[in-house]
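Undergrad: Coordinates in model26.cif, mmCIF, C-alpha atoms, are listed below.
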data_coords
loop_
_atom_site.label_atom_id
_atom_site.label_comp_id
_atom_site.auth_asym_id
_atom_site.auth_seq_id
_atom_site.Cartn_x
_atom_site.Cartn_y
_atom_site.Cartn_z
CA MET E 1 55.18 46.97 -14.07
CA ASN E 2 56.61 43.76 -12.74
CA ARG E 3 53.91 41.14 -12.18
CA THR E 4 55.84 38.11 -11.01
CA ARG E 5 53.88 35.78 -8.77
CA PHE E 6 55.25 34.53 -5.43
CA PHE E 7 54.09 31.47 -3.62
CA SER E 8 53.48 32.44 -0.01
CA THR E 9 55.08 30.31 2.70
CA VAL E 10 53.99 32.58 5.52
CA SER E 11 50.26 31.81 5.54
CA ARG E 12 50.79 28.11 6.19
CA LEU E 13 52.92 28.80 9.25
CA ASN E 14 50.44 31.35 10.62
CA ARG E 15 47.53 28.93 10.68
CA THR E 16 46.22 28.16 14.17
CA GLY E 17 45.80 24.43 13.72
CA TYR E 18 46.07 21.71 11.18
CA SER E 19 44.16 18.54 10.50
CA THR E 20 45.47 15.39 12.13
CA VAL E 21 43.25 13.25 9.94
CA GLU E 22 45.10 11.77 7.03
CA PRO E 23 43.37 12.86 3.85
CA VAL E 24 41.64 9.86 2.34
CA HIS E 25 40.40 10.19 -1.18
CA HIS E 26 37.27 8.09 -1.27
CA LEU E 27 35.93 7.02 -4.60
CA VAL E 28 32.49 7.01 -3.01
CA PRO E 29 31.45 10.24 -1.28
CA ILE E 30 31.09 9.63 2.44
CA ASN E 31 29.23 11.92 4.79
CA LYS E 32 31.69 11.90 7.66
CA ALA E 33 29.41 13.93 9.93
CA ALA E 34 26.99 11.00 9.94
CA LEU E 35 29.68 8.66 11.26
CA ARG E 36 30.08 10.29 14.65
CA PRO E 37 29.46 8.04 17.66
CA GLY E 38 26.41 9.99 18.85
CA LEU E 39 24.49 8.92 15.78
CA GLN E 40 25.36 5.21 16.04
CA GLU E 41 21.98 4.29 17.50
CA LEU E 42 20.25 5.78 14.49
CA LEU E 43 22.02 3.23 12.29
CA LEU E 44 20.08 0.38 13.88
CA PRO E 45 17.54 -1.27 11.60
CA LYS E 46 13.95 -0.25 12.22
CA ASP E 47 12.88 -3.71 13.38
CA ASP E 48 15.37 -3.49 16.27
CA ILE E 49 13.60 -2.52 19.50
CA ARG E 50 16.43 -0.09 20.39
CA SER E 51 15.85 1.93 17.22
CA PRO E 52 13.82 5.14 17.55
CA GLY E 53 11.87 4.10 14.45
CA TYR E 54 10.75 0.77 15.94
CA LYS E 55 7.11 -0.05 15.36
CA PRO E 56 5.68 -3.26 16.82
CA THR E 57 4.19 -5.64 14.26
CA ASN E 58 2.01 -8.75 14.61
CA ILE E 59 0.05 -7.13 17.40
CA GLY E 60 -3.16 -8.96 16.55
CA GLN E 61 -4.68 -11.68 14.46
CA ASP E 62 -4.96 -10.82 10.78
CA ARG E 63 -8.04 -12.76 9.77
CA VAL E 64 -7.93 -11.87 6.05
CA ARG E 65 -4.33 -13.12 5.90
CA ASP E 66 -5.25 -16.32 7.76
CA TYR E 67 -8.28 -16.92 5.52
CA TYR E 68 -6.22 -16.43 2.36
CA ASP E 69 -3.45 -18.76 3.55
CA ALA E 70 -5.69 -21.48 4.90
CA HIS E 71 -8.45 -21.62 2.29
CA LEU E 72 -8.20 -19.34 -0.71
CA LYS E 73 -4.69 -20.14 -1.86
CA SER E 74 -5.28 -23.82 -2.57
CA ASN E 75 -8.75 -23.14 -4.02
CA LEU E 76 -7.37 -20.53 -6.41
CA MET E 77 -4.59 -22.88 -7.49
CA LEU E 78 -7.09 -25.63 -8.25
CA GLN E 79 -9.41 -23.27 -10.10
CA LEU E 80 -6.75 -21.57 -12.22
CA TYR E 81 -4.80 -24.73 -13.05
CA ILE E 82 -4.76 -25.67 -16.71
CA HIS E 83 -3.03 -28.91 -17.68
CA GLY E 84 -0.22 -28.57 -20.20
CA GLU E 85 -0.32 -24.77 -20.19
CA GLU E 86 2.78 -22.97 -21.42
CA THR E 87 4.10 -19.48 -20.83
CA THR E 88 2.32 -16.89 -22.97
CA ASP E 89 4.63 -14.07 -23.98
CA GLY E 90 3.43 -10.63 -23.03
CA ASN E 91 3.14 -7.71 -25.40
CA LYS E 92 6.63 -6.22 -25.17
CA HIS E 93 8.46 -3.21 -26.55
CA ARG E 94 10.04 -4.15 -29.88
CA SER E 95 13.40 -3.45 -31.44
CA TRP E 96 13.63 -1.45 -34.67
CA GLY E 97 16.07 -3.92 -36.22
CA THR E 98 19.83 -4.05 -36.52
CA ASP E 99 20.32 -3.33 -40.21
CA SER E 100 21.20 0.32 -39.67
CA PRO E 101 23.50 1.96 -37.10
CA TYR E 102 20.87 4.65 -36.59
CA LYS E 103 18.45 2.05 -35.23
CA LEU E 104 20.90 0.84 -32.61
CA TYR E 105 20.37 3.54 -30.01
CA ARG E 106 16.85 4.47 -31.03
CA LYS E 107 14.14 4.28 -28.34
CA MET E 108 12.38 0.90 -28.45
CA ARG E 109 9.34 0.56 -30.68
CA LYS E 110 5.92 0.56 -28.98
CA PRO E 111 4.23 -2.82 -28.34
CA LYS E 112 1.85 -4.16 -30.94
CA GLY E 113 -1.73 -2.91 -30.71
CA LEU E 114 -1.78 -1.81 -27.13
CA SER E 115 0.23 1.21 -26.14
CA ARG E 116 1.33 -0.35 -22.86
CA ALA E 117 3.54 -3.41 -22.41
CA THR E 118 2.20 -6.49 -20.62
CA LYS E 119 4.10 -9.14 -18.69
CA ASP E 120 4.54 -12.82 -19.55
CA ILE E 121 1.72 -15.03 -18.30
CA LYS E 122 3.22 -18.09 -16.66
CA PRO E 123 1.19 -21.25 -15.90
CA ILE E 124 -0.16 -21.42 -12.37
CA ALA E 125 2.08 -23.07 -9.77
CA PRO E 126 2.36 -22.98 -5.95
CA LYS E 127 4.82 -20.09 -6.36
CA ASN E 128 2.66 -17.69 -8.35
CA ILE E 129 -0.85 -17.96 -7.00
CA PRO E 130 -2.51 -14.51 -7.30
CA GLU E 131 -2.28 -12.49 -4.12
CA LEU E 132 -3.33 -9.03 -3.01
CA THR E 133 -0.04 -7.13 -2.72
CA GLY E 134 -1.22 -3.61 -1.92
CA ILE E 135 -3.98 -1.05 -1.99
CA ASN E 136 -3.31 2.41 -3.41
CA ILE E 137 -5.57 5.28 -2.45
CA ASN E 138 -5.40 8.44 -4.49
CA LEU E 139 -7.42 11.51 -3.57
CA TYR E 140 -7.27 14.39 -6.05
CA ASN E 141 -8.88 17.36 -4.36
CA ARG E 142 -10.07 19.84 -6.98
CA GLU E 143 -11.66 22.12 -4.38
CA ALA E 144 -8.27 22.59 -2.71
CA LEU E 145 -7.03 24.50 -5.76
CA GLU E 146 -9.15 27.45 -4.56
CA ASP E 147 -9.19 26.86 -0.79
CA SER E 148 -5.80 25.40 0.11
CA TRP E 149 -6.85 24.56 3.68
CA LEU E 150 -9.04 21.77 2.26
CA ASN E 151 -5.79 19.84 1.67
CA ILE E 152 -5.55 19.38 5.43
CA SER E 153 -9.10 18.03 5.64
CA SER E 154 -8.52 15.56 2.84
CA ARG E 155 -5.29 14.30 4.38
CA LEU E 156 -6.89 13.88 7.78
CA GLN E 157 -9.83 12.04 6.21
CA ILE E 158 -7.52 9.49 4.57
CA ALA E 159 -5.38 9.16 7.71
CA GLN E 160 -8.52 8.54 9.75
CA ILE E 161 -9.83 5.88 7.39
CA THR E 162 -6.57 4.02 6.68
CA ASN E 163 -4.47 4.46 9.85
CA VAL E 164 -1.52 5.54 7.68
CA LYS E 165 -0.21 9.09 7.28
CA PRO E 166 -0.79 10.07 3.66
CA LYS E 167 1.66 11.82 1.35
CA ARG E 168 0.76 15.07 -0.33
CA ILE E 169 0.40 15.18 -4.10
CA PHE E 170 1.16 18.17 -6.30
CA ASN E 171 -0.07 19.40 -9.64
CA LYS E 172 2.24 18.48 -12.48
CA SER E 173 1.08 20.89 -15.15
CA ASN E 174 -0.42 24.31 -15.72
CA ILE E 175 -4.00 24.22 -16.99
CA VAL E 176 -5.58 27.67 -16.83
CA GLN E 177 -9.21 26.58 -17.20
CA TRP E 178 -9.00 24.19 -14.27
CA LYS E 179 -6.93 26.61 -12.17
CA CYS E 180 -4.11 24.07 -12.04
CA ARG E 181 -0.69 25.47 -11.23
CA GLU E 182 2.47 23.41 -11.34
CA GLY E 183 3.66 22.46 -7.84
CA LYS E 184 0.42 23.36 -6.09
CA PRO E 185 -0.69 20.76 -3.50
CA CYS E 186 -3.95 19.14 -4.54
CA GLY E 187 -4.83 16.13 -2.37
CA CYS E 188 -3.01 13.10 -1.05
CA LYS E 189 -2.13 9.48 -1.67
CA VAL E 190 -1.38 6.47 0.47
CA HIS E 191 -0.08 2.96 -0.19
CA LEU E 192 -1.36 0.25 2.14
CA THR E 193 0.30 -3.10 2.73
CA GLY E 194 0.06 -5.86 5.33
CA GLU E 195 -2.23 -5.44 8.30
CA ASP E 196 -3.41 -1.93 7.37
CA MET E 197 -4.34 -3.19 3.93
CA HIS E 198 -6.34 -6.11 5.31
CA GLN E 199 -8.07 -3.89 7.86
CA PHE E 200 -9.07 -1.43 5.14
CA LEU E 201 -10.19 -4.28 2.89
CA SER E 202 -12.48 -5.82 5.50
CA THR E 203 -13.97 -2.42 6.43
CA LEU E 204 -14.63 -1.76 2.76
CA THR E 205 -16.23 -5.12 1.93
CA GLU E 206 -18.17 -5.62 5.16
CA LEU E 207 -19.24 -2.14 6.27
CA VAL E 208 -19.00 0.35 3.43
CA LEU E 209 -19.82 -1.25 0.08
CA PRO E 210 -22.94 -3.19 1.29
CA ARG E 211 -24.46 0.06 2.55
CA ILE E 212 -24.04 2.04 -0.67
CA ARG E 213 -27.48 1.80 -2.30
CA THR E 214 -26.39 2.62 -5.84
CA PHE E 215 -23.32 0.37 -5.77
CA GLN E 216 -23.72 -2.58 -8.11
CA GLY E 217 -20.16 -3.78 -8.01
CA ILE E 218 -16.79 -2.94 -9.51
CA SER E 219 -17.02 -2.55 -13.26
CA LYS E 220 -15.89 -5.55 -15.29
CA LYS E 221 -14.11 -3.17 -17.66
CA SER E 222 -11.86 -1.86 -14.89
CA GLY E 223 -8.25 -3.06 -14.99
CA ASP E 224 -4.88 -2.20 -16.50
CA HIS E 225 -4.24 -5.57 -18.29
CA ASN E 226 -1.64 -6.40 -15.61
CA GLY E 227 -3.92 -7.51 -12.78
CA ASN E 228 -4.51 -4.18 -11.01
CA ILE E 229 -8.13 -3.17 -10.61
CA SER E 230 -9.36 0.25 -9.59
CA PHE E 231 -12.63 1.92 -8.72
CA GLY E 232 -13.80 5.10 -7.05
CA LEU E 233 -15.87 6.20 -4.10
CA SER E 234 -17.91 9.43 -4.07
CA PRO E 235 -18.06 11.84 -1.06
CA GLU E 236 -21.50 10.45 -0.14
CA ASP E 237 -20.07 6.93 0.13
CA ILE E 238 -17.30 8.04 2.47
CA LYS E 239 -19.89 8.67 5.20
CA PHE E 240 -20.30 4.93 5.65
CA PHE E 241 -16.77 4.42 6.96
CA PRO E 242 -17.27 3.91 10.71
CA GLU E 243 -14.29 6.16 11.48
CA ILE E 244 -16.07 9.04 9.74
CA GLU E 245 -19.66 8.11 10.54
CA ASN E 246 -19.23 8.43 14.31
CA PHE E 247 -17.47 11.82 14.12
CA GLN E 248 -19.51 13.55 11.45
CA GLU E 249 -19.30 17.04 12.99
CA LEU E 250 -15.48 16.86 12.80
CA PHE E 251 -15.57 16.13 9.06
CA PRO E 252 -17.89 18.68 7.42
CA ASN E 253 -16.05 18.39 4.08
CA LEU E 254 -15.72 14.91 2.65
CA PHE E 255 -13.91 13.99 -0.55
CA GLY E 256 -14.19 10.98 -2.84
CA PHE E 257 -11.10 9.01 -3.83
CA HIS E 258 -9.80 6.35 -6.18
CA ILE E 259 -8.81 2.93 -4.91
CA THR E 260 -6.44 0.66 -6.84
CA LEU E 261 -6.28 -2.97 -5.74
CA GLN E 262 -2.84 -4.23 -6.71
CA THR E 263 -2.54 -7.97 -7.18
CA SER E 264 0.23 -10.30 -8.27
CA ALA E 265 -2.13 -11.78 -10.89
CA ARG E 266 -0.90 -11.47 -14.46
CA THR E 267 -4.30 -10.92 -16.06
CA ASP E 268 -7.35 -8.93 -15.01
CA GLU E 269 -9.55 -12.04 -15.11
CA GLN E 270 -7.40 -13.75 -12.48
CA ALA E 271 -7.34 -10.56 -10.40
CA ARG E 272 -11.16 -10.38 -10.52
CA LEU E 273 -11.43 -13.98 -9.40
CA LEU E 274 -9.12 -13.27 -6.46
CA LEU E 275 -11.02 -10.13 -5.46
CA SER E 276 -14.38 -11.90 -5.72
CA SER E 277 -13.06 -14.44 -3.23
CA LEU E 278 -12.16 -11.58 -0.87
CA GLY E 279 -15.72 -10.21 -1.02
CA PHE E 280 -15.74 -7.64 -3.86
CA PRO E 281 -18.75 -7.84 -6.17
CA PHE E 282 -18.39 -7.29 -9.94
CA HIS E 283 -20.95 -6.35 -12.52
CA MET T 1 -9.04 51.47 42.32
CA ILE T 2 -6.60 48.67 42.89
CA SER T 3 -8.35 46.47 40.40
CA ASN T 4 -8.09 49.24 37.84
CA THR T 5 -4.34 49.57 38.26
CA LEU T 6 -4.00 45.81 38.10
CA LYS T 7 -5.79 45.83 34.83
CA ILE T 8 -3.33 48.31 33.45
CA THR T 9 -0.11 46.92 34.89
CA VAL T 10 -0.59 43.14 34.95
CA ARG T 11 -0.30 41.49 31.62
CA THR T 12 -2.93 38.86 31.03
CA LYS T 13 -3.06 36.34 28.18
CA ALA T 14 -4.08 37.95 24.94
CA THR T 15 -7.53 36.77 23.95
CA THR T 16 -7.66 36.26 20.21
CA THR T 17 -10.99 35.37 18.75
CA VAL T 18 -10.56 32.69 16.13
CA ASN T 19 -13.26 31.82 13.69
CA PRO T 20 -14.67 28.39 14.69
CA SER T 21 -14.15 27.05 11.18
CA THR T 22 -10.52 28.22 11.29
CA GLN T 23 -10.13 26.59 14.68
CA ARG T 24 -11.41 23.34 13.20
CA VAL T 25 -8.74 23.40 10.49
CA VAL T 26 -6.08 24.12 13.12
CA ASN T 27 -7.31 21.15 15.13
CA GLN T 28 -7.26 18.96 12.04
CA LEU T 29 -3.68 19.97 11.31
CA SER T 30 -2.59 19.28 14.88
CA ALA T 31 -4.22 15.84 14.67
CA LEU T 32 -2.18 15.12 11.54
CA SER T 33 1.17 16.46 12.72
CA ALA T 34 3.59 14.17 14.51
CA SER T 35 4.37 16.45 17.45
CA ARG T 36 3.88 14.92 20.91
CA LYS T 37 2.56 11.70 19.35
CA GLN T 38 5.84 9.82 19.22
CA PRO T 39 5.95 7.49 22.24
CA LYS T 40 9.06 7.50 24.41
CA LEU T 41 11.89 5.21 23.44
CA ILE T 42 11.83 2.05 25.54
CA LYS T 43 15.01 1.71 27.58
CA LEU T 44 15.63 -1.98 28.02
CA SER T 45 18.20 -3.50 30.34
CA HIS T 46 20.65 -5.95 28.82
CA GLU T 47 18.66 -8.87 30.23
CA ASP T 48 15.36 -7.53 28.87
CA LEU T 49 16.93 -7.04 25.48
CA ILE T 50 18.12 -10.65 25.41
CA LYS T 51 14.64 -11.80 26.44
CA HIS T 52 13.05 -9.72 23.69
CA ASN T 53 15.45 -11.00 21.04
CA THR T 54 14.90 -14.61 22.12
CA ILE T 55 11.14 -14.24 21.78
CA GLN T 56 11.52 -12.54 18.41
CA ASN T 57 13.79 -15.29 17.10
CA ALA T 58 11.43 -17.99 18.35
CA TRP T 59 8.49 -16.26 16.66
CA LYS T 60 10.45 -15.89 13.42
CA SER T 61 11.44 -19.55 13.31
CA PHE T 62 7.85 -20.54 14.16
CA THR T 63 6.40 -18.50 11.28
CA ARG T 64 9.11 -19.74 8.92
CA LYS T 65 8.28 -23.34 9.77
CA GLN T 66 4.58 -22.64 9.25
CA GLU T 67 5.28 -21.08 5.85
CA THR T 68 7.43 -23.97 4.65
CA LYS T 69 4.78 -26.42 5.84
CA ARG T 70 2.07 -24.55 3.92
CA TYR T 71 4.24 -24.36 0.83
CA GLN T 72 5.00 -28.07 0.95
CA GLN T 73 1.29 -28.82 1.25
CA LEU T 74 0.55 -26.62 -1.76
CA GLN T 75 3.31 -28.38 -3.68
CA GLN T 76 1.78 -31.76 -2.88
CA GLN T 77 -1.68 -30.55 -3.88
CA TYR T 78 -0.25 -29.26 -7.15
CA GLU T 79 1.42 -32.57 -7.89
CA SER T 80 -1.75 -34.51 -7.19
CA ILE T 81 -3.76 -32.20 -9.49
CA HIS T 82 -1.13 -32.70 -12.17
CA ASN T 83 -1.11 -36.50 -11.76
CA ALA T 84 -4.91 -36.70 -11.75
CA MET T 85 -5.11 -34.74 -14.99
CA ASP T 86 -2.43 -36.95 -16.56
CA THR T 87 -4.41 -40.04 -15.64
CA LEU T 88 -7.67 -38.53 -16.90
CA LYS T 89 -6.01 -37.67 -20.19
CA ALA T 90 -4.98 -41.31 -20.62
CA ILE T 91 -8.34 -42.77 -19.57
CA SER T 92 -10.91 -40.46 -21.12
CA PRO T 93 -9.89 -37.65 -23.51
CA SER T 94 -13.41 -36.20 -23.68
CA LEU T 95 -13.69 -35.87 -19.90
CA TYR T 96 -10.17 -34.43 -19.86
CA GLN T 97 -11.19 -31.68 -22.29
CA MET T 98 -14.17 -30.80 -20.12
CA ALA T 99 -12.04 -30.74 -16.99
CA ASN T 100 -9.27 -28.66 -18.56
CA LYS T 101 -11.45 -25.66 -19.44
CA SER T 102 -10.53 -22.25 -18.10
CA ASP T 103 -12.46 -21.52 -14.92
CA GLU T 104 -11.33 -17.90 -14.53
CA ASN T 105 -14.68 -16.19 -14.94
CA ASN T 106 -16.49 -18.39 -12.43
CA TRP T 107 -16.39 -15.93 -9.53
CA TYR T 108 -16.85 -16.82 -5.91
CA PRO T 109 -20.33 -16.14 -4.47
CA LEU T 110 -20.79 -13.01 -2.35
CA ASN T 111 -22.19 -15.15 0.46
CA MET T 112 -18.73 -16.51 1.04
CA ARG T 113 -17.33 -14.46 3.91
CA VAL T 114 -14.06 -14.10 5.73
CA PRO T 115 -14.57 -16.04 9.00
CA THR T 116 -14.98 -14.02 12.20
CA ASP T 117 -14.40 -14.74 15.89
CA TYR T 118 -18.05 -14.01 16.64
CA PRO T 119 -20.17 -15.34 13.78
CA ALA T 120 -23.79 -14.39 13.17
CA ASN T 121 -26.67 -15.99 15.12
CA MET T 122 -27.61 -17.94 12.02
CA PRO T 123 -24.24 -18.84 10.50
CA TRP T 124 -25.52 -20.96 7.68
CA VAL T 125 -28.58 -20.56 5.47
CA TYR T 126 -29.58 -24.13 4.69
CA ASN T 127 -32.19 -23.42 2.02
CA HIS T 128 -30.07 -20.85 0.22
CA LYS T 129 -30.36 -20.51 -3.55
CA ASN T 130 -27.58 -18.81 -5.47
CA GLN T 131 -28.94 -16.18 -7.87
CA GLY T 132 -26.66 -16.37 -10.86
CA LYS T 133 -22.99 -15.62 -10.75
CA ALA T 134 -21.33 -13.66 -7.91
#
Please render this file's structure as structure tokens.
TA:
Amino acid sequence: MNRTRFFSTVSRLNRTGYSTVEPVHHLVPINKAALRPGLQELLLPKDDIRSPGYKPTNIGQDRVRDYYDAHLKSNLMLQLYIHGEETTDGNKHRSWGTDSPYKLYRKMRKPKGLSRATKDIKPIAPKNIPELTGININLYNREALEDSWLNISSRLQIAQITNVKPKRIFNKSNIVQWKCREGKPCGCKVHLTGEDMHQFLSTLTELVLPRIRTFQGISKKSGDHNGNISFGLSPEDIKFFPEIENFQELFPNLFGFHITLQTSARTDEQARLLLSSLGFPFH
Amino acid sequence: MISNTLKITVRTKATTTVNPSTQRVVNQLSALSASRKQPKLIKLSHEDLIKHNTIQNAWKSFTRKQETKRYQQLQQQYESIHNAMDTLKAISPSLYQMANKSDENNWYPLNMRVPTDYPANMPWVYNHKNQGKA
């Protein structure tokens, strides 16, 4: 049987149309569909008023921001200043040495003592005065593992308190005893910055924490050695948020959450000093 | 008789009885979802757009000026702290040592508040005594 192969010239002629676009071989993949003129207005930056994603900012006075800029910054600089201070090296990941080729590509050795690396501590200057950079709220909802609709309640609760739409979080591992399944939604998280952060902070320090009878202050032991301090609120404490308190029949299920106060301070001591100036008690 | 035939022939809205607790969850979900909450896109005329951009630019330059002014002031304060400590070191080493101690754990008192537009009736307690730290 003869199996010679012929290259067809007929099919090319029979095609209904052909591309007029010169083939360009991009080194970077380009999504040409996104370049069509109808989508041009979506390419506008979000701070442009013509963009569909435009959200007005600076719509009111931010008194926490003003207070920090006008009073706290210079006070903190004066208080944290130490004459003749030099940069203290942080606890870093270490190399295994260079005497053997096997050590060259080996994963870096763990830092001394602590298991986690710390950053360099630079002397205080006008540039690096500790500042509150963000507030992270993490709500792990254990009850939602059985009743998945409780995820909705927990997300709405956080959205109501913080004015920001929270992201869902999912289980990362299978633990049979706790009914954890990988990929199952189990609560929500939100990261606050700017005005929302300051609004949440003032609600917390002026309306919520003073009304919690058992609250003595944030624990002195709290902190991750890098200037981020966290604490938790129980479901009973959540009732004191004015957004929840006035609509109690709409929120029959309340859930506690963890709050992490992220600061640009390099040590926990400096972070505590900053937070005490913003109205957080410590014990 | 007519009403009976109407009942059979005319389709009315199906009445589904939803558990009130289920209805609450549905309401919660609709409060969270973005549908019908996005405001309409503002359609500005060319002139309005120019006006808007002018105001934005003016506000930006105003805030930038404020920031640089604040930073310069901080810089000056820093320099004067530095110079004062240098002088103290030369004049009195013992006082310098006392002044150069770490002051990190001296927290601010809880009575110190963020100022408000409408302060309390009694804004300042004159015979206040601070009970320990914080």
Undergrad: On this structure, which residues satisfy the PyMOL selection byres ((chain E) within 7 of (chain T)), written as a PyMOL selection string?
TA: chain E and resi 52+64+67+74+79-80+82-83+126+152-153+156+269-270+273+276-277+279+281
Undergrad: Once 5 Å is added on each side, what centre and edge lengths in Å to one decimal does the axis-aligned box around all listed atoms of stretch 29-41 of chain T have, as AutoDock Vina command-line options?
TA:
--center_x 3.8 --center_y 12.6 --center_z 17.9 --size_x 26.1 --size_y 24.8 --size_z 23.1
Undergrad: How many Å lie between atom CA of E:Asp224 and atom CA of E:Phe257, rounded to one decimal?
TA: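 Taking atom CA of E:Asp224 as the start and atom CA of E:Phe257 as the end point, the length is 18.0 Å.
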Undergrad: To one decimal in Å, tell me the separation between atom CA of E:Phe231 and atom CA of E:Ile218.
TA: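 Between atom CA of E:Phe231 and atom CA of E:Ile218 the gap is 6.4 Å.
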Undergrad: Give me the residues near E:Gln248 as number ranges by chain, where near means some atom within 9 Å (using all atoms listed in the file) and where sequence neighbours in that chain fewer than 4 positions away do not count.
TA: E: 239, 244, 252
Undergrad: Rounded to one decimal place, report the atom CA of E:Ile30-atom CA of E:Lys46 distance in Å.
TA: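 So the answer is 22.1 Å.
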Undergrad: Compare E:Pro45, E:Asp69, E:Asp237, E:Gly183 by their minimum atom-to-atom distance to E:Arg213, counting all atoms listed in the file, and give me the closest one.
TA: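 When distances to E:Arg213 are compared using all atoms listed in the file, the smallest one comes from E:Asp237.
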Undergrad: Using the chain letters and numbering of this document, enumerate as a list of chain:residue names the residues selected by the PyMOL selection byres ((chain E and resi 143) around 12).
TA: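 For this structure, the PyMOL selection byres ((chain E and resi 143) around 12) resolves to E:Leu139, E:Tyr140, E:Asn141, E:Arg142, E:Ala144, E:Leu145, E:Glu146, E:Asp147, E:Ser148, E:Trp149, E:Leu150, E:Asn151, E:Ile152, E:Ser153, E:Ser154, E:Trp178, E:Lys179, E:Cys180, E:Pro185, E:Cys186, E:Gly187, E:Asn253, E:Leu254, E:Phe255, E:Gly256.
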Undergrad: Kindly resolve the PyMOL selection byres ((chain E and resi 259) around 10) on the present coordinates and return the residues as a PyMOL selection string.
TA: chain E and resi 135-139+189-191+229-233+256-258+260-262
Undergrad: Could you tell me which of E:Ala271, E:Leu43, E:Leu207, E:Ile212 comes closest to E:Pro242 if we count all atoms listed in the file?
TA: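 The closest residue to E:Pro242 is E:Leu207.
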